[in-house]
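Structure data follow from input16.cif (mmCIF, C-alpha atoms and all ligand atoms):
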```
data_upload
loop_
_atom_site.label_atom_id
_atom_site.label_comp_id
_atom_site.auth_asym_id
_atom_site.auth_seq_id
_atom_site.Cartn_x
_atom_site.Cartn_y
_atom_site.Cartn_z
CA MET A 264 167.71 88.18 78.50
CA GLY A 265 170.11 87.50 75.71
CA THR A 266 169.87 91.09 74.61
CA ILE A 267 170.62 92.37 78.12
CA MET A 268 173.64 90.11 78.37
CA GLY A 269 174.79 91.42 75.03
CA HIS A 270 174.60 94.96 76.31
CA LEU A 271 176.45 94.02 79.48
CA ARG A 272 179.20 92.41 77.48
CA LYS A 273 179.61 95.62 75.58
CA LEU A 274 179.81 97.66 78.79
CA PRO A 275 183.49 97.09 79.60
CA GLY A 276 184.48 98.31 76.16
CA PHE A 277 182.19 101.31 76.48
CA LEU A 278 183.64 102.10 79.91
CA ALA A 279 187.14 101.72 78.58
CA ALA A 280 186.35 104.20 75.81
CA LEU A 281 184.93 106.62 78.38
CA LEU A 282 187.98 106.27 80.58
CA ALA A 283 190.29 106.71 77.60
CA GLY A 284 188.40 109.89 76.73
CA ALA A 285 188.69 111.12 80.30
CA PHE A 286 192.41 110.41 80.27
CA VAL A 287 192.91 112.40 77.08
CA CYS A 288 190.85 115.25 78.54
CA ALA A 289 192.98 115.21 81.69
CA ALA A 290 196.17 115.32 79.66
CA VAL A 291 195.14 118.34 77.62
CA GLY A 292 192.96 120.04 80.25
CA PRO A 293 193.95 122.69 82.74
CA ALA A 294 197.03 122.14 84.88
CA ARG A 295 196.11 120.70 88.25
CA VAL A 296 197.88 122.59 91.02
CA VAL A 297 197.42 121.18 94.54
CA LEU A 298 197.85 123.76 97.30
CA VAL A 299 198.43 122.27 100.74
CA ALA A 300 197.64 124.56 103.67
CA GLY A 301 199.22 123.48 106.95
CA LYS A 302 197.62 123.45 110.36
CA PRO A 303 197.55 126.59 112.52
CA SER A 304 200.78 127.03 114.46
CA HIS A 305 201.52 130.73 114.97
CA PRO A 306 199.74 133.76 116.48
CA PRO A 307 196.81 135.41 114.69
CA GLY A 308 197.75 137.18 111.47
CA THR A 309 200.87 135.08 110.93
CA HIS A 310 201.34 131.75 109.17
CA GLU A 311 197.69 131.92 108.14
CA HIS A 312 198.09 128.86 105.98
CA ASN A 313 194.44 128.22 105.23
CA ALA A 314 193.51 131.85 104.55
CA GLY A 315 196.64 132.40 102.44
CA VAL A 316 196.05 129.32 100.33
CA LEU A 317 192.40 130.26 99.82
CA LEU A 318 193.50 133.69 98.53
CA LEU A 319 195.97 132.06 96.16
CA ASN A 320 193.22 129.68 95.06
CA LYS A 321 190.89 132.56 94.28
CA CYS A 322 193.58 134.34 92.29
CA LEU A 323 194.67 131.20 90.42
CA LYS A 324 191.07 130.58 89.35
CA GLN A 325 191.28 133.88 87.48
CA GLN A 326 194.27 132.66 85.44
CA ARG A 327 194.06 130.68 82.23
CA GLY A 328 194.82 127.01 82.05
CA VAL A 329 195.05 126.26 85.76
CA LEU A 330 192.86 124.10 87.99
CA PRO A 331 193.77 124.84 91.62
CA VAL A 332 192.84 122.23 94.22
CA VAL A 333 192.95 123.21 97.91
CA VAL A 334 193.85 120.88 100.76
CA LYS A 335 193.06 122.62 104.06
CA GLY A 336 194.21 121.74 107.55
CA GLY A 337 197.44 119.93 106.75
CA TRP A 338 198.62 116.95 104.75
CA PRO A 339 195.81 115.26 102.79
CA GLU A 340 194.35 112.15 104.39
CA ASP A 341 193.94 110.74 100.90
CA GLU A 342 197.10 111.33 98.89
CA SER A 343 195.27 110.49 95.66
CA VAL A 344 194.48 114.23 95.56
CA PHE A 345 198.05 114.58 94.24
CA ALA A 346 197.38 112.32 91.24
CA GLY A 347 197.91 114.12 87.98
CA ALA A 348 199.14 117.30 89.65
CA ARG A 349 201.36 119.52 87.53
CA ALA A 350 202.61 121.28 90.65
CA LEU A 351 202.31 121.17 94.43
CA VAL A 352 202.33 124.31 96.56
CA PHE A 353 203.22 123.89 100.24
CA PHE A 354 202.32 126.65 102.70
CA MET A 355 202.75 124.86 106.00
CA ASP A 356 205.03 124.23 108.95
CA GLY A 357 208.66 123.35 108.46
CA GLY A 358 211.67 122.20 110.45
CA LYS A 359 210.95 119.33 112.80
CA ARG A 360 207.24 120.15 112.46
CA SER A 361 207.23 119.63 108.70
CA PRO A 362 204.30 117.38 107.71
CA VAL A 363 206.51 115.70 105.10
CA LEU A 364 208.51 114.00 107.85
CA GLU A 365 205.62 111.75 108.93
CA GLY A 366 205.04 108.24 107.63
CA ASN A 367 206.08 107.63 104.05
CA ARG A 368 205.19 111.12 102.79
CA LEU A 369 208.71 111.82 101.60
CA GLU A 370 208.47 108.65 99.53
CA THR A 371 205.17 109.89 98.10
CA LEU A 372 206.96 113.06 97.07
CA HIS A 373 209.85 111.09 95.56
CA GLY A 374 207.32 109.36 93.28
CA LEU A 375 205.64 112.61 92.26
CA MET A 376 208.86 114.53 91.69
CA ALA A 377 210.29 111.72 89.53
CA LYS A 378 207.33 112.33 87.21
CA GLY A 379 208.34 115.98 86.84
CA THR A 380 205.77 117.47 89.22
CA GLY A 381 206.57 121.06 90.14
CA LEU A 382 207.10 122.09 93.76
CA ALA A 383 206.58 125.56 95.24
CA LEU A 384 207.61 126.12 98.86
CA LEU A 385 206.29 129.15 100.73
CA HIS A 386 207.82 130.55 103.93
CA TYR A 387 208.23 127.95 106.72
CA ALA A 388 207.87 125.17 104.15
CA VAL A 389 211.41 125.94 102.89
CA ASP A 390 212.71 124.72 106.27
CA VAL A 391 213.46 121.01 106.64
CA PRO A 392 215.83 119.17 108.98
CA LYS A 393 219.20 118.92 107.28
CA GLU A 394 219.76 115.26 108.12
CA ILE A 395 216.32 114.13 106.92
CA ALA A 396 215.21 116.07 103.85
CA ALA A 397 217.83 118.67 102.87
CA ALA A 398 218.97 116.60 99.89
CA GLU A 399 215.40 116.36 98.62
CA TRP A 400 214.65 120.07 99.10
CA LEU A 401 217.89 121.00 97.31
CA GLU A 402 217.11 118.63 94.46
CA TRP A 403 213.43 119.45 94.06
CA ALA A 404 213.27 123.14 94.98
CA GLY A 405 216.89 124.29 94.83
CA GLY A 406 217.37 125.41 98.42
CA TYR A 407 216.32 125.04 102.04
CA TYR A 408 216.42 126.85 105.36
CA GLU A 409 219.02 125.21 107.56
CA SER A 410 218.38 125.53 111.28
CA GLY A 411 221.43 127.02 113.02
CA TYR A 412 222.82 128.51 109.81
CA SER A 413 219.99 130.34 108.06
CA ARG A 414 218.46 133.44 109.67
CA ASN A 415 214.87 134.56 110.23
CA PRO A 416 214.62 138.09 111.67
CA VAL A 417 211.52 140.15 110.95
CA SER A 418 212.94 142.93 108.74
CA ASP A 419 211.89 145.94 106.74
CA ALA A 420 213.68 145.05 103.54
CA ASP A 421 214.28 146.50 100.11
CA LEU A 422 213.56 143.78 97.57
CA LYS A 423 214.94 143.79 94.05
CA GLN A 424 214.34 141.62 91.01
CA SER A 425 217.32 139.29 90.62
CA SER A 426 216.41 138.15 87.09
CA PRO A 427 214.22 140.77 85.36
CA ALA A 428 214.01 138.73 82.14
CA HIS A 429 212.55 135.68 83.91
CA PRO A 430 208.78 135.12 83.37
CA ILE A 431 208.22 135.24 87.15
CA SER A 432 209.46 138.87 87.08
CA ARG A 433 206.56 140.02 84.90
CA GLY A 434 204.10 142.60 86.15
CA TRP A 435 205.82 143.76 89.32
CA LYS A 436 208.68 146.05 90.27
CA ASP A 437 211.19 146.28 93.09
CA PHE A 438 209.46 146.88 96.41
CA SER A 439 210.01 147.32 100.13
CA LEU A 440 208.17 145.19 102.64
CA ARG A 441 208.37 144.00 106.23
CA ASP A 442 208.36 140.24 106.57
CA GLU A 443 210.22 137.46 108.29
CA TRP A 444 212.54 137.23 105.29
CA TYR A 445 214.50 134.07 105.89
CA HIS A 446 218.01 134.40 104.48
CA ARG A 447 221.37 132.66 104.38
CA ILE A 448 219.43 129.94 102.62
CA ARG A 449 221.43 126.84 101.73
CA PHE A 450 221.82 126.43 97.99
CA ALA A 451 223.92 123.90 96.11
CA PRO A 452 227.15 125.72 95.10
CA GLY A 453 227.32 126.32 91.35
CA ASP A 454 223.94 124.68 90.75
CA PRO A 455 223.46 125.09 86.97
CA ARG A 456 219.70 124.62 87.37
CA PHE A 457 219.38 127.63 89.70
CA THR A 458 218.03 131.13 88.96
CA PRO A 459 217.60 133.76 91.70
CA ILE A 460 214.31 135.67 91.51
CA LEU A 461 214.26 138.09 94.45
CA THR A 462 217.14 139.71 96.30
CA ALA A 463 216.82 141.31 99.73
CA PHE A 464 219.51 143.38 101.43
CA LEU A 465 219.94 141.88 104.89
CA PRO A 466 220.59 142.16 107.74
CA LYS A 467 219.80 145.79 108.27
CA ASP A 468 222.98 146.63 110.21
CA ALA A 469 225.29 145.02 107.63
CA PRO A 470 223.26 144.66 104.45
CA ALA A 471 224.38 142.13 101.89
CA PRO A 472 222.44 140.73 98.94
CA GLU A 473 220.49 137.67 99.96
CA THR A 474 218.37 135.52 97.68
CA VAL A 475 214.90 135.17 99.20
CA ALA A 476 213.09 133.71 96.15
CA TRP A 477 214.54 131.37 93.54
CA VAL A 478 213.77 128.65 91.02
CA VAL A 479 215.35 125.51 89.62
CA GLU A 480 214.67 123.59 86.43
CA ARG A 481 215.17 119.96 87.25
CA LYS A 482 216.52 117.16 85.09
CA ASP A 483 213.30 115.21 85.66
CA GLY A 484 211.50 118.02 83.83
CA GLY A 485 209.97 119.45 86.98
CA ARG A 486 210.35 122.98 88.22
CA GLY A 487 210.98 124.13 91.77
CA PHE A 488 210.39 127.45 93.52
CA GLY A 489 211.30 128.69 96.97
CA PHE A 490 210.05 131.88 98.63
CA THR A 491 210.98 132.87 102.16
CA GLY A 492 208.38 135.60 102.81
CA GLY A 493 204.81 134.96 103.87
CA HIS A 494 204.96 135.32 107.66
CA PHE A 495 202.37 138.13 107.84
CA HIS A 496 199.00 137.42 106.25
CA ALA A 497 198.59 141.12 105.41
CA ASN A 498 201.44 140.84 102.91
CA TRP A 499 199.16 138.97 100.49
CA GLY A 500 197.55 142.38 100.07
CA HIS A 501 200.79 143.72 98.55
CA GLY A 502 200.54 143.65 94.76
CA ALA A 503 204.16 142.90 93.88
CA PHE A 504 204.46 140.24 96.59
CA ARG A 505 201.26 138.53 95.44
CA THR A 506 202.01 138.74 91.72
CA LEU A 507 205.49 137.29 92.20
CA VAL A 508 204.10 134.25 94.01
CA LEU A 509 201.21 133.74 91.58
CA ASN A 510 203.58 134.02 88.60
CA ALA A 511 205.86 131.49 90.25
CA ILE A 512 203.05 128.99 90.82
CA LEU A 513 202.04 129.25 87.14
CA TRP A 514 205.66 128.86 86.07
CA THR A 515 206.20 125.90 88.38
CA ALA A 516 203.16 124.25 86.75
CA GLN A 517 204.79 124.81 83.32
CA LEU A 518 202.17 127.40 82.36
CA ASP A 519 202.77 130.65 80.51
CA VAL A 520 203.00 133.69 82.76
CA PRO A 521 200.91 136.58 81.33
CA ALA A 522 202.97 139.45 79.93
CA ALA A 523 201.55 141.75 82.60
CA GLY A 524 201.92 139.15 85.37
CA ALA A 525 199.20 137.11 87.05
CA ALA A 526 196.93 139.94 88.03
CA CYS A 527 194.50 139.52 90.90
CA VAL A 528 192.72 142.18 92.88
CA LEU A 529 191.83 141.47 96.50
CA SER A 530 189.64 143.63 98.69
CA PRO A 531 190.43 144.26 102.37
CA GLU A 532 187.35 142.16 103.17
CA GLU A 533 188.71 139.24 101.17
CA LEU A 534 192.07 139.54 102.90
CA ALA A 535 190.35 139.28 106.28
CA ARG A 536 188.43 136.10 105.41
CA ASN A 537 189.14 132.51 106.43
CA LEU A 538 191.60 133.37 109.19
CA ASP A 539 192.14 130.48 111.56
CA ASP A 540 190.44 130.71 114.93
CA LYS A 541 193.52 131.09 117.11
CA PRO A 542 193.85 132.23 120.70
CA ALA A 543 195.23 135.76 121.00
CA PRO A 544 198.82 135.77 122.33
CA ALA A 545 199.11 136.22 126.09
CA PRO A 546 200.12 139.76 127.09
CA LYS A 547 203.86 140.05 127.67
CA LYS A 548 204.81 140.17 131.31
CA ARG A 549 207.07 142.94 132.48
CA GLY A 550 209.88 142.71 134.98
CA GLY A 551 211.07 139.27 134.01
CA ALA A 552 208.52 137.44 136.14
CA PRO A 553 208.29 133.77 135.13
ZN ZN B 601 207.13 133.04 109.97
#
```

Would you write out, as structure tokens, the structure that this file holds?
Ligand SMILES: [Zn+2]
Amino acid sequence: MGTIMGHLRKLPGFLAALLAGAFVCAAVGPARVVLVAGKPSHPPGTHEHNAGVLLLNKCLKQQRGVLPVVVKGGWPEDESVFAGARALVFFMDGGKRSPVLEGNRLETLHGLMAKGTGLALLHYAVDVPKEIAAAEWLEWAGGYYESGYSRNPVSDADLKQSSPAHPISRGWKDFSLRDEWYHRIRFAPGDPRFTPILTAFLPKDAPAPETVAWVVERKDGGRGFGFTGGHFHANWGHGAFRTLVLNAILWTAQLDVPAAGAACVLSPEELARNLDDKPAPAPKKRGGAP
């Protein structure tokens, strides 16, 4: 009996040592990157949040030093999944439908960002209501889509590297691609933390250079990334598009970007997997009938 009690008394110390070991391992282990895939909201083949995030997850698993964690179907019920994250990636609804507007989620993000957690915003996730979260998006990610000011036509666009020497620009070249390239993004004028990554020439009838991907290096040590493409799921099959985003996620998590970029090969079968089960859009009526 006495011996058992002796062992039990030693247990807390033993557990503490284990926990200390686990903590050290976590600190030096791979960078935890939490990818949040929003709920279905758009027609088939567009805003495929779950399928897109699962592709990114597959590709990130092939990179060194990163531990991707996927949250499917919207904001996590248990926010402890964010604990220890080096970066968050949001591929989900925006505007008034942004999941960050519910409850105290913005406060959760304030806590994480203050610790220097990176934030990568993909497509609709760059859009937040000006009066509610624009200040946060500007601070944490360097820009936001402002309803009524920014634009979102589907365009065939020529895309050029804005900062070829930046690590995110490794392993891909200028390209042309059709997407819903949001532009006229709101940035903070003269933001010294800001670096443009991708320039599109929009709109088509009066083309002007528009930044459609960018980064910031924050004072809290965190890094932010915004990317306005991602409407069409098929675009994840485009090498330059995919490499740019993968590079950016690594960079946002403070990881080295490989000299040849974050390579990842996807087959057509893989691209077609995990699509949300959505109703096909109703056929368009002709003749203006209601
Ligand atoms: Zn879209």

Kindly provide the residues of chain A that approach ligand ZN 601 (chain B) to within 8 Å, each paired with its closest atom pair and their distance in Å to one decimal, based on all atoms listed in the file, listed by chain and increasing number, as a Markdown table.
```
| residue | atom | partner | partner_atom | distance |
| --- | --- | --- | --- | --- |
| A:His305 | CA | B:ZN601 | ZN | 7.9 |
| A:Thr309 | CA | B:ZN601 | ZN | 6.7 |
| A:His310 | CA | B:ZN601 | ZN | 6.0 |
| A:His386 | CA | B:ZN601 | ZN | 6.6 |
| A:Tyr387 | CA | B:ZN601 | ZN | 6.1 |
| A:Asn415 | CA | B:ZN601 | ZN | 7.9 |
| A:Glu443 | CA | B:ZN601 | ZN | 5.6 |
| A:Gly492 | CA | B:ZN601 | ZN | 7.7 |
| A:Gly493 | CA | B:ZN601 | ZN | 6.8 |
| A:His494 | CA | B:ZN601 | ZN | 3.9 |
| A:Phe495 | CA | B:ZN601 | ZN | 7.3 |
```

Using all atoms listed in the file, list the residues that have an atom at most 6 Å from (209.2, 125.3, 92.0), coordinates as in the file, as a list in words.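 Residues with an atom at most 6 Å from (209.2, 125.3, 92.0): Gly381, Leu382, Ala383, Ala404, Val478, Arg486, Gly487, Phe488 and Thr515 of chain A.
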
Per-residue nearest contacts region 316-368 of chain A to region 531-535 of chain A, cut-off 10 Å, using all atoms listed in the file, as JSON lines:
```
{"residue": "A:Leu317", "atom": "CA", "partner": "A:Leu534", "partner_atom": "CA", "distance": 9.8}
{"residue": "A:Leu318", "atom": "CA", "partner": "A:Leu534", "partner_atom": "CA", "distance": 7.4}
{"residue": "A:Lys321", "atom": "CA", "partner": "A:Glu533", "partner_atom": "CA", "distance": 9.8}
```

Just the residues within 12 Å of region 450-458 of chain A, please, counting all atoms listed in the file, with nothing from its chain fewer than 4 positions along; format it as a ChimeraX atom specification. /A:389,397-409,413,424-432,446,462,473-489

Output C-alpha atoms for every residue in the selection just made, as a PDB file, keeping the file's coordinate frame.
```pdb
ATOM      1  CA  VAL A 389     211.410 125.940 102.890  1.00  0.00           C
ATOM      2  CA  ALA A 397     217.830 118.670 102.870  1.00  0.00           C
ATOM      3  CA  ALA A 398     218.970 116.600  99.890  1.00  0.00           C
ATOM      4  CA  GLU A 399     215.400 116.360  98.620  1.00  0.00           C
ATOM      5  CA  TRP A 400     214.650 120.070  99.100  1.00  0.00           C
ATOM      6  CA  LEU A 401     217.890 121.000  97.310  1.00  0.00           C
ATOM      7  CA  GLU A 402     217.110 118.630  94.460  1.00  0.00           C
ATOM      8  CA  TRP A 403     213.430 119.450  94.060  1.00  0.00           C
ATOM      9  CA  ALA A 404     213.270 123.140  94.980  1.00  0.00           C
ATOM     10  CA  GLY A 405     216.890 124.290  94.830  1.00  0.00           C
ATOM     11  CA  GLY A 406     217.370 125.410  98.420  1.00  0.00           C
ATOM     12  CA  TYR A 407     216.320 125.040 102.040  1.00  0.00           C
ATOM     13  CA  TYR A 408     216.420 126.850 105.360  1.00  0.00           C
ATOM     14  CA  GLU A 409     219.020 125.210 107.560  1.00  0.00           C
ATOM     15  CA  SER A 413     219.990 130.340 108.060  1.00  0.00           C
ATOM     16  CA  GLN A 424     214.340 141.620  91.010  1.00  0.00           C
ATOM     17  CA  SER A 425     217.320 139.290  90.620  1.00  0.00           C
ATOM     18  CA  SER A 426     216.410 138.150  87.090  1.00  0.00           C
ATOM     19  CA  PRO A 427     214.220 140.770  85.360  1.00  0.00           C
ATOM     20  CA  ALA A 428     214.010 138.730  82.140  1.00  0.00           C
ATOM     21  CA  HIS A 429     212.550 135.680  83.910  1.00  0.00           C
ATOM     22  CA  PRO A 430     208.780 135.120  83.370  1.00  0.00           C
ATOM     23  CA  ILE A 431     208.220 135.240  87.150  1.00  0.00           C
ATOM     24  CA  SER A 432     209.460 138.870  87.080  1.00  0.00           C
ATOM     25  CA  HIS A 446     218.010 134.400 104.480  1.00  0.00           C
ATOM     26  CA  THR A 462     217.140 139.710  96.300  1.00  0.00           C
ATOM     27  CA  GLU A 473     220.490 137.670  99.960  1.00  0.00           C
ATOM     28  CA  THR A 474     218.370 135.520  97.680  1.00  0.00           C
ATOM     29  CA  VAL A 475     214.900 135.170  99.200  1.00  0.00           C
ATOM     30  CA  ALA A 476     213.090 133.710  96.150  1.00  0.00           C
ATOM     31  CA  TRP A 477     214.540 131.370  93.540  1.00  0.00           C
ATOM     32  CA  VAL A 478     213.770 128.650  91.020  1.00  0.00           C
ATOM     33  CA  VAL A 479     215.350 125.510  89.620  1.00  0.00           C
ATOM     34  CA  GLU A 480     214.670 123.590  86.430  1.00  0.00           C
ATOM     35  CA  ARG A 481     215.170 119.960  87.250  1.00  0.00           C
ATOM     36  CA  LYS A 482     216.520 117.160  85.090  1.00  0.00           C
ATOM     37  CA  ASP A 483     213.300 115.210  85.660  1.00  0.00           C
ATOM     38  CA  GLY A 484     211.500 118.020  83.830  1.00  0.00           C
ATOM     39  CA  GLY A 485     209.970 119.450  86.980  1.00  0.00           C
ATOM     40  CA  ARG A 486     210.350 122.980  88.220  1.00  0.00           C
ATOM     41  CA  GLY A 487     210.980 124.130  91.770  1.00  0.00           C
ATOM     42  CA  PHE A 488     210.390 127.450  93.520  1.00  0.00           C
ATOM     43  CA  GLY A 489     211.300 128.690  96.970  1.00  0.00           C
TER      44      GLY A 489
END
```

Find the distance between CA of Thr506 (chain A) and CA of Phe345 (chain A) and write it in Å to one decimal. 24.6 Å

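Counting all atoms listed in the file, the residue from A:Gly337, A:Pro416, A:Leu351, A:Ile448 that sits nearest to Val391 (chain A) is A:Ile448.
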
Can you pull out every residue within 12 Å of Arg368 (chain A), counting only C-alpha atoms, but drop anything in the same chain fewer than 2 positions away, and send it as a VMD selection string? chain A and resid 338 to 342 345 361 to 366 370 to 375 396

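Between CA of Ala503 (chain A) and CA of Ala348 (chain A) the separation is 26.4 Å.
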
Using all atoms listed in the file, which residue out of A:Lys541, A:His496, A:Lys436, A:His501 lies closest to Cys527 (chain A)?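 Among the listed residues, the smallest separation from Cys527 (chain A) belongs to A:His501.
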
Assuming 5 Å of padding per side, give the centre and edge lengths of the axis-aligned box around every listed atom of region 410-424 of chain A, in Å to one decimal and as AutoDock Vina command-line options.
```
--center_x 217.2 --center_y 136.0 --center_z 102.0 --size_x 21.3 --size_y 31.0 --size_z 32.0
```

Across A:Ala420, A:Leu440, A:Thr491, A:Trp435, the smallest distance to Lys467 (chain A), with all atoms listed in the file counted, is shown by A:Ala420

Option closest in space to Asn320 (chain A), from A:Ala522, A:Val352, A:Leu369, A:Ala377 [counting only C-alpha atoms]: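 When distances to Asn320 (chain A) are compared using only C-alpha atoms, the smallest one comes from A:Val352.
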
The distance between CA of Gly502 (chain A) and CA of Gly292 (chain A) is 28.7 Å

Contacts of Val334 (chain A) within 9 Å, all atoms listed in the file, excl. fewer than 3 positions in-chain, as a PyMOL selection string: chain A and resi 297-301+313+316+337-339+344
